[in-house]
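With mmCIF, N, CA and C atoms inside, this is structure-v2.cif:
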data_data
loop_
_atom_site.label_atom_id
_atom_site.label_comp_id
_atom_site.auth_asym_id
_atom_site.auth_seq_id
_atom_site.Cartn_x
_atom_site.Cartn_y
_atom_site.Cartn_z
N MET A 14 -5.87 -1.15 -17.84
CA MET A 14 -5.24 0.08 -17.45
C MET A 14 -4.57 -0.10 -16.09
N ASP A 15 -3.36 0.37 -15.98
CA ASP A 15 -2.64 0.37 -14.72
C ASP A 15 -2.32 1.81 -14.36
N GLU A 16 -2.63 2.21 -13.13
CA GLU A 16 -2.26 3.53 -12.64
C GLU A 16 -1.58 3.38 -11.30
N VAL A 17 -0.38 3.93 -11.19
CA VAL A 17 0.33 3.95 -9.91
C VAL A 17 0.67 5.40 -9.59
N ARG A 18 0.63 5.70 -8.30
CA ARG A 18 0.87 7.09 -7.90
C ARG A 18 1.45 7.12 -6.49
N ILE A 19 2.51 7.87 -6.33
CA ILE A 19 3.10 8.19 -5.03
C ILE A 19 2.84 9.67 -4.84
N THR A 20 2.22 10.06 -3.71
CA THR A 20 1.78 11.44 -3.57
C THR A 20 1.79 11.89 -2.12
N HIS A 21 1.88 13.19 -1.91
CA HIS A 21 1.70 13.78 -0.59
C HIS A 21 0.24 14.18 -0.36
N ASP A 22 -0.57 14.05 -1.40
CA ASP A 22 -1.99 14.42 -1.30
C ASP A 22 -2.79 13.37 -0.54
N VAL A 23 -3.91 13.80 0.04
CA VAL A 23 -4.85 12.88 0.68
C VAL A 23 -5.38 11.94 -0.40
N LEU A 24 -5.49 10.65 -0.08
CA LEU A 24 -5.96 9.66 -1.03
C LEU A 24 -7.49 9.63 -1.04
N ASP A 25 -8.06 9.52 -2.22
CA ASP A 25 -9.50 9.51 -2.40
C ASP A 25 -9.93 8.11 -2.83
N VAL A 26 -10.48 7.35 -1.89
CA VAL A 26 -10.87 5.97 -2.14
C VAL A 26 -11.96 5.88 -3.22
N ASN A 27 -12.94 6.76 -3.16
CA ASN A 27 -14.01 6.73 -4.15
C ASN A 27 -13.48 7.01 -5.55
N ASP A 28 -12.53 7.91 -5.67
CA ASP A 28 -11.94 8.20 -6.97
C ASP A 28 -11.20 6.97 -7.51
N ALA A 29 -10.45 6.29 -6.66
CA ALA A 29 -9.75 5.07 -7.09
C ALA A 29 -10.76 4.01 -7.54
N PHE A 30 -11.84 3.85 -6.79
CA PHE A 30 -12.90 2.90 -7.16
C PHE A 30 -13.47 3.26 -8.53
N ASN A 31 -13.80 4.52 -8.73
CA ASN A 31 -14.40 4.95 -10.00
C ASN A 31 -13.45 4.76 -11.18
N ARG A 32 -12.16 4.96 -10.98
CA ARG A 32 -11.20 4.76 -12.07
C ARG A 32 -10.98 3.29 -12.37
N ALA A 33 -11.11 2.43 -11.36
CA ALA A 33 -10.90 0.99 -11.56
C ALA A 33 -12.11 0.31 -12.19
N THR A 34 -13.29 0.79 -11.89
CA THR A 34 -14.53 0.12 -12.29
C THR A 34 -14.98 0.57 -13.67
N VAL A 35 -15.27 -0.40 -14.52
CA VAL A 35 -15.81 -0.13 -15.86
C VAL A 35 -16.99 -1.07 -16.11
N ALA A 36 -17.72 -0.81 -17.17
CA ALA A 36 -18.96 -1.54 -17.45
C ALA A 36 -18.74 -3.05 -17.61
N SER A 37 -17.58 -3.48 -18.07
CA SER A 37 -17.34 -4.91 -18.31
C SER A 37 -16.90 -5.68 -17.08
N THR A 38 -16.73 -4.99 -15.96
CA THR A 38 -16.26 -5.69 -14.75
C THR A 38 -17.43 -5.97 -13.81
N GLY A 39 -17.36 -7.13 -13.17
CA GLY A 39 -18.39 -7.52 -12.21
C GLY A 39 -17.94 -7.36 -10.78
N ALA A 40 -16.67 -6.99 -10.58
CA ALA A 40 -16.15 -6.85 -9.22
C ALA A 40 -15.02 -5.81 -9.20
N THR A 41 -15.01 -5.02 -8.16
CA THR A 41 -13.88 -4.15 -7.86
C THR A 41 -13.56 -4.35 -6.39
N SER A 42 -12.38 -4.86 -6.12
CA SER A 42 -11.96 -5.07 -4.74
C SER A 42 -11.00 -3.95 -4.36
N ILE A 43 -11.15 -3.51 -3.10
CA ILE A 43 -10.36 -2.37 -2.63
C ILE A 43 -9.72 -2.71 -1.29
N PHE A 44 -8.45 -2.34 -1.18
CA PHE A 44 -7.76 -2.37 0.11
C PHE A 44 -7.40 -0.94 0.45
N VAL A 45 -7.71 -0.54 1.68
CA VAL A 45 -7.34 0.78 2.17
C VAL A 45 -6.56 0.58 3.47
N GLY A 46 -5.29 0.93 3.46
CA GLY A 46 -4.48 0.88 4.67
C GLY A 46 -4.55 2.21 5.37
N THR A 47 -4.90 2.20 6.66
CA THR A 47 -5.07 3.43 7.43
C THR A 47 -4.13 3.45 8.63
N THR A 48 -3.91 4.64 9.16
CA THR A 48 -3.11 4.81 10.37
C THR A 48 -3.96 4.48 11.58
N ARG A 49 -3.48 3.55 12.40
CA ARG A 49 -4.19 3.22 13.66
C ARG A 49 -3.58 4.03 14.79
N ASP A 50 -4.32 4.13 15.89
CA ASP A 50 -3.92 5.00 17.00
C ASP A 50 -3.07 4.31 18.07
N ASN A 51 -2.61 3.08 17.80
CA ASN A 51 -1.85 2.38 18.84
C ASN A 51 -0.89 1.38 18.22
N PHE A 52 0.18 1.12 18.97
CA PHE A 52 1.12 0.05 18.62
C PHE A 52 1.88 -0.33 19.87
N ASP A 53 1.83 -1.60 20.22
CA ASP A 53 2.53 -2.12 21.41
C ASP A 53 2.28 -1.28 22.66
N GLY A 54 1.02 -0.90 22.87
CA GLY A 54 0.65 -0.15 24.06
C GLY A 54 0.97 1.34 24.01
N LYS A 55 1.53 1.81 22.90
CA LYS A 55 1.83 3.23 22.75
C LYS A 55 0.74 3.90 21.94
N LYS A 56 0.44 5.16 22.28
CA LYS A 56 -0.55 5.93 21.52
C LYS A 56 0.14 6.56 20.33
N VAL A 57 -0.31 6.20 19.14
CA VAL A 57 0.24 6.72 17.89
C VAL A 57 -0.56 7.95 17.48
N LEU A 58 0.15 9.04 17.17
CA LEU A 58 -0.51 10.26 16.71
C LEU A 58 -0.58 10.34 15.19
N LYS A 59 0.48 9.84 14.54
CA LYS A 59 0.54 9.91 13.08
C LYS A 59 1.68 9.04 12.59
N LEU A 60 1.69 8.83 11.29
CA LEU A 60 2.79 8.18 10.61
C LEU A 60 3.42 9.19 9.66
N GLU A 61 4.70 9.00 9.39
CA GLU A 61 5.38 9.79 8.37
C GLU A 61 6.04 8.81 7.40
N TYR A 62 5.71 8.96 6.13
CA TYR A 62 6.23 8.07 5.09
C TYR A 62 7.28 8.78 4.24
N GLU A 63 8.31 8.01 3.88
CA GLU A 63 9.32 8.46 2.93
C GLU A 63 9.50 7.35 1.91
N ALA A 64 10.03 7.70 0.75
CA ALA A 64 10.24 6.70 -0.29
C ALA A 64 11.40 7.08 -1.18
N TYR A 65 11.96 6.09 -1.80
CA TYR A 65 12.84 6.29 -2.95
C TYR A 65 11.85 6.30 -4.12
N GLU A 66 11.35 7.49 -4.46
CA GLU A 66 10.17 7.63 -5.32
C GLU A 66 10.33 7.01 -6.70
N ALA A 67 11.42 7.25 -7.38
CA ALA A 67 11.59 6.70 -8.72
C ALA A 67 11.57 5.18 -8.69
N MET A 68 12.25 4.60 -7.72
CA MET A 68 12.28 3.14 -7.60
C MET A 68 10.92 2.61 -7.15
N ALA A 69 10.23 3.34 -6.27
CA ALA A 69 8.91 2.91 -5.81
C ALA A 69 7.93 2.84 -6.98
N VAL A 70 7.92 3.86 -7.83
CA VAL A 70 7.04 3.86 -9.01
C VAL A 70 7.39 2.69 -9.93
N LYS A 71 8.68 2.47 -10.16
CA LYS A 71 9.11 1.36 -11.00
C LYS A 71 8.64 0.02 -10.43
N GLU A 72 8.79 -0.17 -9.13
CA GLU A 72 8.37 -1.42 -8.49
C GLU A 72 6.85 -1.58 -8.52
N LEU A 73 6.10 -0.48 -8.36
CA LEU A 73 4.64 -0.57 -8.43
C LEU A 73 4.19 -0.96 -9.83
N LYS A 74 4.84 -0.42 -10.86
CA LYS A 74 4.50 -0.79 -12.24
C LYS A 74 4.82 -2.26 -12.48
N SER A 75 5.94 -2.70 -11.97
CA SER A 75 6.30 -4.11 -12.08
C SER A 75 5.28 -5.00 -11.35
N LEU A 76 4.82 -4.54 -10.21
CA LEU A 76 3.81 -5.27 -9.44
C LEU A 76 2.52 -5.41 -10.26
N CYS A 77 2.12 -4.38 -10.96
CA CYS A 77 0.93 -4.46 -11.82
C CYS A 77 1.10 -5.58 -12.85
N GLN A 78 2.28 -5.66 -13.45
CA GLN A 78 2.53 -6.71 -14.44
C GLN A 78 2.52 -8.10 -13.80
N GLU A 79 3.04 -8.18 -12.59
CA GLU A 79 3.04 -9.46 -11.88
C GLU A 79 1.60 -9.90 -11.59
N VAL A 80 0.75 -8.97 -11.15
CA VAL A 80 -0.66 -9.28 -10.91
C VAL A 80 -1.31 -9.76 -12.20
N ARG A 81 -1.07 -9.05 -13.29
CA ARG A 81 -1.67 -9.43 -14.58
C ARG A 81 -1.21 -10.81 -15.05
N GLY A 82 -0.03 -11.22 -14.64
CA GLY A 82 0.46 -12.55 -14.99
C GLY A 82 -0.22 -13.66 -14.21
N LYS A 83 -0.89 -13.31 -13.12
CA LYS A 83 -1.53 -14.31 -12.26
C LYS A 83 -3.05 -14.34 -12.37
N TRP A 84 -3.68 -13.21 -12.64
CA TRP A 84 -5.14 -13.11 -12.67
C TRP A 84 -5.61 -12.29 -13.88
N PRO A 85 -6.79 -12.62 -14.40
CA PRO A 85 -7.36 -11.85 -15.52
C PRO A 85 -8.09 -10.60 -15.01
N VAL A 86 -7.32 -9.62 -14.60
CA VAL A 86 -7.90 -8.39 -14.04
C VAL A 86 -8.03 -7.35 -15.15
N THR A 87 -8.90 -6.38 -14.91
CA THR A 87 -9.16 -5.34 -15.91
C THR A 87 -8.34 -4.09 -15.62
N ASN A 88 -8.57 -3.48 -14.45
CA ASN A 88 -7.86 -2.25 -14.09
C ASN A 88 -7.20 -2.40 -12.73
N ILE A 89 -6.03 -1.78 -12.59
CA ILE A 89 -5.29 -1.78 -11.33
C ILE A 89 -4.94 -0.34 -10.98
N ILE A 90 -5.35 0.07 -9.79
CA ILE A 90 -5.00 1.40 -9.26
C ILE A 90 -4.23 1.17 -7.96
N ILE A 91 -3.03 1.69 -7.87
CA ILE A 91 -2.25 1.61 -6.62
C ILE A 91 -1.76 3.02 -6.31
N GLU A 92 -2.14 3.50 -5.13
CA GLU A 92 -1.71 4.82 -4.68
C GLU A 92 -1.14 4.71 -3.27
N HIS A 93 -0.02 5.36 -3.05
CA HIS A 93 0.60 5.38 -1.71
C HIS A 93 0.93 6.81 -1.35
N ARG A 94 0.63 7.14 -0.14
CA ARG A 94 0.86 8.49 0.34
C ARG A 94 2.23 8.61 0.98
N LEU A 95 2.81 9.79 0.87
CA LEU A 95 4.06 10.13 1.55
C LEU A 95 3.79 11.28 2.49
N GLY A 96 4.75 11.54 3.38
CA GLY A 96 4.59 12.62 4.33
C GLY A 96 3.75 12.18 5.51
N GLU A 97 3.11 13.15 6.12
CA GLU A 97 2.35 12.93 7.35
C GLU A 97 0.97 12.34 7.05
N VAL A 98 0.64 11.24 7.76
CA VAL A 98 -0.67 10.60 7.62
C VAL A 98 -1.23 10.43 9.04
N LYS A 99 -2.27 11.18 9.33
CA LYS A 99 -2.87 11.16 10.67
C LYS A 99 -3.73 9.92 10.89
N VAL A 100 -4.05 9.66 12.15
CA VAL A 100 -4.88 8.52 12.53
C VAL A 100 -6.18 8.54 11.73
N THR A 101 -6.55 7.38 11.24
CA THR A 101 -7.72 7.07 10.40
C THR A 101 -7.57 7.50 8.95
N GLU A 102 -6.53 8.22 8.59
CA GLU A 102 -6.34 8.59 7.19
C GLU A 102 -5.71 7.44 6.41
N ALA A 103 -5.99 7.40 5.11
CA ALA A 103 -5.45 6.34 4.25
C ALA A 103 -4.01 6.61 3.86
N SER A 104 -3.18 5.59 3.97
CA SER A 104 -1.80 5.68 3.51
C SER A 104 -1.60 4.92 2.20
N VAL A 105 -2.44 3.94 1.94
CA VAL A 105 -2.36 3.18 0.70
C VAL A 105 -3.77 2.79 0.26
N VAL A 106 -4.00 2.89 -1.06
CA VAL A 106 -5.26 2.45 -1.65
C VAL A 106 -4.92 1.58 -2.86
N ILE A 107 -5.51 0.40 -2.88
CA ILE A 107 -5.36 -0.51 -4.02
C ILE A 107 -6.78 -0.86 -4.48
N ALA A 108 -7.08 -0.60 -5.74
CA ALA A 108 -8.38 -0.96 -6.31
C ALA A 108 -8.12 -1.78 -7.57
N ILE A 109 -8.68 -2.98 -7.61
CA ILE A 109 -8.48 -3.87 -8.76
C ILE A 109 -9.84 -4.40 -9.20
N SER A 110 -10.12 -4.23 -10.48
CA SER A 110 -11.38 -4.73 -11.04
C SER A 110 -11.11 -5.93 -11.93
N SER A 111 -12.14 -6.78 -12.01
CA SER A 111 -12.07 -7.97 -12.85
C SER A 111 -13.49 -8.40 -13.19
N PRO A 112 -13.64 -9.32 -14.15
CA PRO A 112 -14.98 -9.78 -14.48
C PRO A 112 -15.68 -10.49 -13.31
N HIS A 113 -14.90 -11.14 -12.43
CA HIS A 113 -15.47 -11.91 -11.32
C HIS A 113 -14.74 -11.58 -10.01
N ARG A 114 -15.43 -11.76 -8.89
CA ARG A 114 -14.92 -11.33 -7.59
C ARG A 114 -13.66 -12.06 -7.12
N ARG A 115 -13.59 -13.35 -7.34
CA ARG A 115 -12.47 -14.13 -6.80
C ARG A 115 -11.13 -13.58 -7.26
N GLU A 116 -11.03 -13.27 -8.55
CA GLU A 116 -9.77 -12.77 -9.09
C GLU A 116 -9.38 -11.43 -8.49
N SER A 117 -10.36 -10.53 -8.36
CA SER A 117 -10.02 -9.21 -7.82
C SER A 117 -9.67 -9.30 -6.34
N LEU A 118 -10.36 -10.15 -5.59
CA LEU A 118 -10.05 -10.33 -4.17
C LEU A 118 -8.65 -10.90 -3.98
N GLN A 119 -8.33 -11.95 -4.73
CA GLN A 119 -7.01 -12.56 -4.62
C GLN A 119 -5.91 -11.60 -5.07
N ALA A 120 -6.19 -10.85 -6.12
CA ALA A 120 -5.19 -9.92 -6.64
C ALA A 120 -4.89 -8.80 -5.64
N VAL A 121 -5.92 -8.27 -4.98
CA VAL A 121 -5.71 -7.20 -4.00
C VAL A 121 -4.90 -7.73 -2.81
N ASP A 122 -5.23 -8.91 -2.34
CA ASP A 122 -4.50 -9.51 -1.21
C ASP A 122 -3.02 -9.70 -1.57
N PHE A 123 -2.77 -10.26 -2.74
CA PHE A 123 -1.40 -10.45 -3.21
C PHE A 123 -0.68 -9.11 -3.34
N CYS A 124 -1.39 -8.14 -3.89
CA CYS A 124 -0.80 -6.84 -4.19
C CYS A 124 -0.29 -6.12 -2.94
N ILE A 125 -1.09 -6.09 -1.87
CA ILE A 125 -0.63 -5.38 -0.66
C ILE A 125 0.55 -6.13 -0.02
N ASP A 126 0.50 -7.46 -0.02
CA ASP A 126 1.62 -8.21 0.55
C ASP A 126 2.89 -7.96 -0.25
N ARG A 127 2.78 -7.97 -1.56
CA ARG A 127 3.95 -7.78 -2.41
C ARG A 127 4.47 -6.34 -2.32
N LEU A 128 3.56 -5.38 -2.23
CA LEU A 128 3.96 -3.98 -2.07
C LEU A 128 4.81 -3.84 -0.81
N LYS A 129 4.36 -4.41 0.29
CA LYS A 129 5.11 -4.31 1.55
C LYS A 129 6.46 -5.03 1.46
N GLU A 130 6.51 -6.05 0.62
CA GLU A 130 7.73 -6.84 0.47
C GLU A 130 8.78 -6.15 -0.40
N LYS A 131 8.35 -5.46 -1.46
CA LYS A 131 9.30 -5.04 -2.48
C LYS A 131 9.45 -3.54 -2.72
N VAL A 132 8.46 -2.75 -2.35
CA VAL A 132 8.48 -1.34 -2.73
C VAL A 132 9.20 -0.51 -1.66
N PRO A 133 10.19 0.31 -2.06
CA PRO A 133 10.98 1.07 -1.09
C PRO A 133 10.24 2.30 -0.53
N ILE A 134 9.32 2.01 0.38
CA ILE A 134 8.58 3.04 1.11
C ILE A 134 8.74 2.71 2.60
N TRP A 135 9.09 3.74 3.39
CA TRP A 135 9.35 3.52 4.81
C TRP A 135 8.46 4.41 5.66
N LYS A 136 8.10 3.90 6.85
CA LYS A 136 7.24 4.70 7.73
C LYS A 136 7.86 4.85 9.11
N LYS A 137 7.57 6.02 9.67
CA LYS A 137 7.99 6.34 11.04
C LYS A 137 6.72 6.60 11.85
N GLU A 138 6.60 5.92 13.00
CA GLU A 138 5.48 6.19 13.91
C GLU A 138 5.87 7.30 14.86
N LYS A 139 4.96 8.24 15.07
CA LYS A 139 5.14 9.34 16.03
C LYS A 139 4.17 9.10 17.17
N TYR A 140 4.69 9.08 18.41
CA TYR A 140 3.89 8.72 19.58
C TYR A 140 3.51 9.94 20.42
N GLU A 141 2.46 9.77 21.19
CA GLU A 141 1.95 10.83 22.07
C GLU A 141 3.00 11.26 23.10
N ASP A 142 3.83 10.32 23.54
CA ASP A 142 4.83 10.63 24.56
C ASP A 142 6.05 11.37 23.99
N GLY A 143 6.00 11.70 22.70
CA GLY A 143 7.11 12.42 22.07
C GLY A 143 8.09 11.51 21.36
N GLY A 144 7.99 10.22 21.60
CA GLY A 144 8.90 9.28 20.94
C GLY A 144 8.50 9.03 19.50
N GLU A 145 9.40 8.39 18.79
CA GLU A 145 9.14 8.01 17.40
C GLU A 145 9.98 6.79 17.07
N ALA A 146 9.55 6.03 16.06
CA ALA A 146 10.28 4.83 15.67
C ALA A 146 10.04 4.52 14.21
N TRP A 147 11.15 4.26 13.48
CA TRP A 147 11.02 3.77 12.12
C TRP A 147 10.54 2.33 12.21
N LYS A 148 9.57 1.97 11.37
CA LYS A 148 8.99 0.63 11.41
C LYS A 148 9.47 -0.16 10.19
N GLU A 149 9.82 -1.40 10.43
CA GLU A 149 10.28 -2.28 9.36
C GLU A 149 9.17 -3.27 9.04
N ASN A 150 8.80 -3.37 7.77
CA ASN A 150 7.83 -4.38 7.36
C ASN A 150 8.49 -5.75 7.44
N LYS A 151 7.86 -6.67 8.17
CA LYS A 151 8.44 -8.00 8.28
C LYS A 151 8.46 -8.73 6.93
N GLU A 152 7.59 -8.30 5.99
CA GLU A 152 7.53 -8.91 4.67
C GLU A 152 8.65 -8.43 3.76
N CYS A 153 9.27 -7.33 4.13
CA CYS A 153 10.23 -6.64 3.27
C CYS A 153 11.43 -7.53 2.92
N CYS A 154 11.81 -7.54 1.63
CA CYS A 154 12.91 -8.40 1.19
C CYS A 154 14.26 -8.00 1.79
N TRP A 155 14.40 -6.76 2.28
CA TRP A 155 15.67 -6.34 2.88
C TRP A 155 15.58 -6.30 4.41
N SER A 156 14.48 -6.84 4.96
CA SER A 156 14.25 -6.84 6.40
C SER A 156 15.23 -7.76 7.12
N THR A 157 15.71 -7.29 8.26
CA THR A 157 16.57 -8.15 9.08
C THR A 157 15.78 -9.29 9.68
N SER A 158 14.49 -9.10 9.96
CA SER A 158 13.68 -10.18 10.52
C SER A 158 13.43 -11.26 9.46
N GLN A 159 13.40 -10.91 8.16
CA GLN A 159 13.26 -11.87 7.08
C GLN A 159 14.50 -12.75 7.02
N LYS A 160 15.67 -12.14 7.21
CA LYS A 160 16.93 -12.88 7.09
C LYS A 160 17.13 -13.88 8.21
N GLN A 161 16.44 -13.66 9.34
CA GLN A 161 16.59 -14.56 10.48
C GLN A 161 15.75 -15.81 10.32
N LYS A 162 14.85 -15.86 9.35
CA LYS A 162 13.97 -17.03 9.15
C LYS A 162 14.70 -18.15 8.47
#
Whole structure, structure tokens version:
Amino acid sequence: MDEVRITHDVLDVNDAFNRATVASTGATSIFVGTTRDNFDGKKVLKLEYEAYEAMAVKELKSLCQEVRGKWPVTNIIIEHRLGEVKVTEASVVIAISSPHRRESLQAVDFCIDRLKEKVPIWKKEKYEDGGEAWKENKECCWSTSQKQK
């Protein structure tokens, strides 16, 4: 089973775990990306996410198929939040189950890296001093920092 979701709702890590885990699996690995309170010496108050939602869902579904082509996983849950995400709140949850731990661990690691590389979701940091900045994922395939390598 593959489930992908782009939402403005608060993400529920336990719910993602419960949907990924079934009786035949011996491992469920989870990645939870959260908003941190600092970046380059600036105090971060929150992040704001935007997406090209239809394309993001399509890319997430494609990512599930890519994971399945590399590892024998059972269930894949990928959820990404849009809108305002305050410090310590989850912006992305990935839960992948498999019969054995190695596959689920490797799949989750691959999945978050690939999500940042290919899925059209953008974030803006909002700072305590009133400033804000759109952040570019260095992994992103359309990143200017990628093109300089």
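Those residues positioned at most 10 Å from (6.5, 1.4, -4.8) are Val17, Arg18, Ile19, Ala64, Tyr65, Glu66, Ala67, Met68, Ala69, Val70, Lys71, Glu72, Leu73, Lys74, Ser75, Leu76, Ile91, Glu92, His93, Arg127, Leu128, Lys129, Glu130, Lys131, Val132, Pro133 and Ile134 of chain A, judged using only C-alpha atoms.
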Non-local contacts of stretch 113-116 of chain A (5 Å; only N, CA and C atoms; under 3 positions in same chain excluded) as a PyMOL selection string:
chain A and resi 39-40+119-120
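The residue that comes closest to A:Thr48, out of A:Glu63, A:Asp15, A:Glu102, A:Glu97 and on the basis of all atoms listed in the file, is A:Glu102.
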Let me know the residues the PyMOL selection byres ((chain A and resi 49-56) around 5) catches in the file above, as number ranges by chain.
A: 47-48, 57-58, 140-141
Strand (DSSP E or B) residues, from DSSP on the backbone, in chain A, as a ChimeraX atom specification:
/A:15-20,40-47,51-52,55-64,88-94,96-99,103-111,134-140,145-148
So which residues of stretch 36-120 of chain A fall under helix (DSSP H, G or I) by DSSP, listed as an MDAnalysis selection string?
chainID A and resid 66:83 114:120
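The space between atom CA of A:Val35 and atom N of A:Ile125 spans 21.2 Å.
Counting from atom C of A:Asn88, the distance to atom C of A:Val106 is 10.9 Å.
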For A:Lys136, please output as number ranges by chain all residues within 7 Å (counting only N, CA and C atoms; exclusion window: fewer than 2 positions along the same chain).
A: 60-63, 134, 138, 146-149
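Candidate residues A:Leu24, A:Ala36, A:Val45, A:Ile109 were compared for distance to A:Val86, and the nearest is A:Ile109, using all atoms listed in the file.
Here the question is which of A:Asp22, A:Asp28, A:Glu145, A:Phe44 gets nearest to A:Val105 using only N, CA and C atoms, and that residue is A:Phe44.
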Extract, using only N, CA and C atoms, all DNA, RNA and protein residues at most 6.5 Å from A:His21, discarding same-chain residues fewer than 6 positions from it, and format them as a PyMOL selection string.
chain A and resi 93-96
Please enumerate the residues selected by the PyMOL selection byres ((chain A and resi 110) around 6) when evaluated against the supplied file, formatted as a PDB file with N, CA and C atoms, keeping the file's coordinate frame.
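Everything below was put into selection-v7.pdb:
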ATOM      1  N   ALA A  33     -11.110   2.430 -11.360  1.00  0.00           N
ATOM      2  CA  ALA A  33     -10.900   0.990 -11.560  1.00  0.00           C
ATOM      3  C   ALA A  33     -12.110   0.310 -12.190  1.00  0.00           C
ATOM      4  N   THR A  34     -13.290   0.790 -11.890  1.00  0.00           N
ATOM      5  CA  THR A  34     -14.530   0.120 -12.290  1.00  0.00           C
ATOM      6  C   THR A  34     -14.980   0.570 -13.670  1.00  0.00           C
ATOM      7  N   THR A  38     -16.730  -4.990 -15.960  1.00  0.00           N
ATOM      8  CA  THR A  38     -16.260  -5.690 -14.750  1.00  0.00           C
ATOM      9  C   THR A  38     -17.430  -5.970 -13.810  1.00  0.00           C
ATOM     10  N   ALA A  40     -16.670  -6.990 -10.580  1.00  0.00           N
ATOM     11  CA  ALA A  40     -16.150  -6.850  -9.220  1.00  0.00           C
ATOM     12  C   ALA A  40     -15.020  -5.810  -9.200  1.00  0.00           C
ATOM     13  N   THR A  41     -15.010  -5.020  -8.160  1.00  0.00           N
ATOM     14  CA  THR A  41     -13.880  -4.150  -7.860  1.00  0.00           C
ATOM     15  C   THR A  41     -13.560  -4.350  -6.390  1.00  0.00           C
ATOM     16  N   SER A  42     -12.380  -4.860  -6.120  1.00  0.00           N
ATOM     17  CA  SER A  42     -11.960  -5.070  -4.740  1.00  0.00           C
ATOM     18  C   SER A  42     -11.000  -3.950  -4.360  1.00  0.00           C
ATOM     19  N   VAL A  86      -7.320  -9.620 -14.600  1.00  0.00           N
ATOM     20  CA  VAL A  86      -7.900  -8.390 -14.040  1.00  0.00           C
ATOM     21  C   VAL A  86      -8.030  -7.350 -15.150  1.00  0.00           C
ATOM     22  N   THR A  87      -8.900  -6.380 -14.910  1.00  0.00           N
ATOM     23  CA  THR A  87      -9.160  -5.340 -15.910  1.00  0.00           C
ATOM     24  C   THR A  87      -8.340  -4.090 -15.620  1.00  0.00           C
ATOM     25  N   ASN A  88      -8.570  -3.480 -14.450  1.00  0.00           N
ATOM     26  CA  ASN A  88      -7.860  -2.250 -14.090  1.00  0.00           C
ATOM     27  C   ASN A  88      -7.200  -2.400 -12.730  1.00  0.00           C
ATOM     28  N   ILE A  89      -6.030  -1.780 -12.590  1.00  0.00           N
ATOM     29  CA  ILE A  89      -5.290  -1.780 -11.330  1.00  0.00           C
ATOM     30  C   ILE A  89      -4.940  -0.340 -10.980  1.00  0.00           C
ATOM     31  N   ALA A 108      -7.080  -0.600  -5.740  1.00  0.00           N
ATOM     32  CA  ALA A 108      -8.380  -0.960  -6.310  1.00  0.00           C
ATOM     33  C   ALA A 108      -8.120  -1.780  -7.570  1.00  0.00           C
ATOM     34  N   ILE A 109      -8.680  -2.980  -7.610  1.00  0.00           N
ATOM     35  CA  ILE A 109      -8.480  -3.870  -8.760  1.00  0.00           C
ATOM     36  C   ILE A 109      -9.840  -4.400  -9.200  1.00  0.00           C
ATOM     37  N   SER A 111     -12.140  -6.780 -12.010  1.00  0.00           N
ATOM     38  CA  SER A 111     -12.070  -7.970 -12.850  1.00  0.00           C
ATOM     39  C   SER A 111     -13.490  -8.400 -13.190  1.00  0.00           C
ATOM     40  N   PRO A 112     -13.640  -9.320 -14.150  1.00  0.00           N
ATOM     41  CA  PRO A 112     -14.980  -9.780 -14.480  1.00  0.00           C
ATOM     42  C   PRO A 112     -15.680 -10.490 -13.310  1.00  0.00           C
ATOM     43  N   SER A 117     -10.360 -10.530  -8.360  1.00  0.00           N
ATOM     44  CA  SER A 117     -10.020  -9.210  -7.820  1.00  0.00           C
ATOM     45  C   SER A 117      -9.670  -9.300  -6.340  1.00  0.00           C
TER      46      SER A 117
END
Please write out, as lines of an AutoDock Vina configuration file, where the centre of an axis-aligned box around all listed atoms of stretch 44-60 of chain A lies and how long its edges are, in Å to one decimal, after adding 3 Å on each side.
center_x = -2.5
center_y = 4.0
center_z = 11.4
size_x = 17.9
size_y = 18.7
size_z = 31.2
Atom-to-atom span, atom N of A:Glu16 and atom N of A:Ala103, Å:
19.3 Å
Is there a way to complete stretch 63-69 of chain A with N, CA, C and O atoms and then write that out as a PDB file, in the frame of the given file?
ATOM      1  N   GLU A  63       8.310   8.010   3.880  1.00  0.00           N
ATOM      2  CA  GLU A  63       9.320   8.460   2.930  1.00  0.00           C
ATOM      3  C   GLU A  63       9.500   7.350   1.910  1.00  0.00           C
ATOM      4  O   GLU A  63       9.162   6.194   2.174  1.00  0.00           O
ATOM      5  N   ALA A  64      10.030   7.700   0.750  1.00  0.00           N
ATOM      6  CA  ALA A  64      10.240   6.700  -0.290  1.00  0.00           C
ATOM      7  C   ALA A  64      11.400   7.080  -1.180  1.00  0.00           C
ATOM      8  O   ALA A  64      11.758   8.256  -1.296  1.00  0.00           O
ATOM      9  N   TYR A  65      11.960   6.090  -1.800  1.00  0.00           N
ATOM     10  CA  TYR A  65      12.840   6.290  -2.950  1.00  0.00           C
ATOM     11  C   TYR A  65      11.850   6.300  -4.120  1.00  0.00           C
ATOM     12  O   TYR A  65      11.496   5.258  -4.665  1.00  0.00           O
ATOM     13  N   GLU A  66      11.350   7.490  -4.460  1.00  0.00           N
ATOM     14  CA  GLU A  66      10.170   7.630  -5.320  1.00  0.00           C
ATOM     15  C   GLU A  66      10.330   7.010  -6.700  1.00  0.00           C
ATOM     16  O   GLU A  66       9.429   6.299  -7.167  1.00  0.00           O
ATOM     17  N   ALA A  67      11.420   7.250  -7.380  1.00  0.00           N
ATOM     18  CA  ALA A  67      11.590   6.700  -8.720  1.00  0.00           C
ATOM     19  C   ALA A  67      11.570   5.180  -8.690  1.00  0.00           C
ATOM     20  O   ALA A  67      10.924   4.530  -9.525  1.00  0.00           O
ATOM     21  N   MET A  68      12.250   4.600  -7.720  1.00  0.00           N
ATOM     22  CA  MET A  68      12.280   3.140  -7.600  1.00  0.00           C
ATOM     23  C   MET A  68      10.920   2.610  -7.150  1.00  0.00           C
ATOM     24  O   MET A  68      10.470   1.549  -7.610  1.00  0.00           O
ATOM     25  N   ALA A  69      10.230   3.340  -6.270  1.00  0.00           N
ATOM     26  CA  ALA A  69       8.910   2.910  -5.810  1.00  0.00           C
ATOM     27  C   ALA A  69       7.930   2.840  -6.980  1.00  0.00           C
ATOM     28  O   ALA A  69       7.190   1.856  -7.128  1.00  0.00           O
TER      29      ALA A  69
END
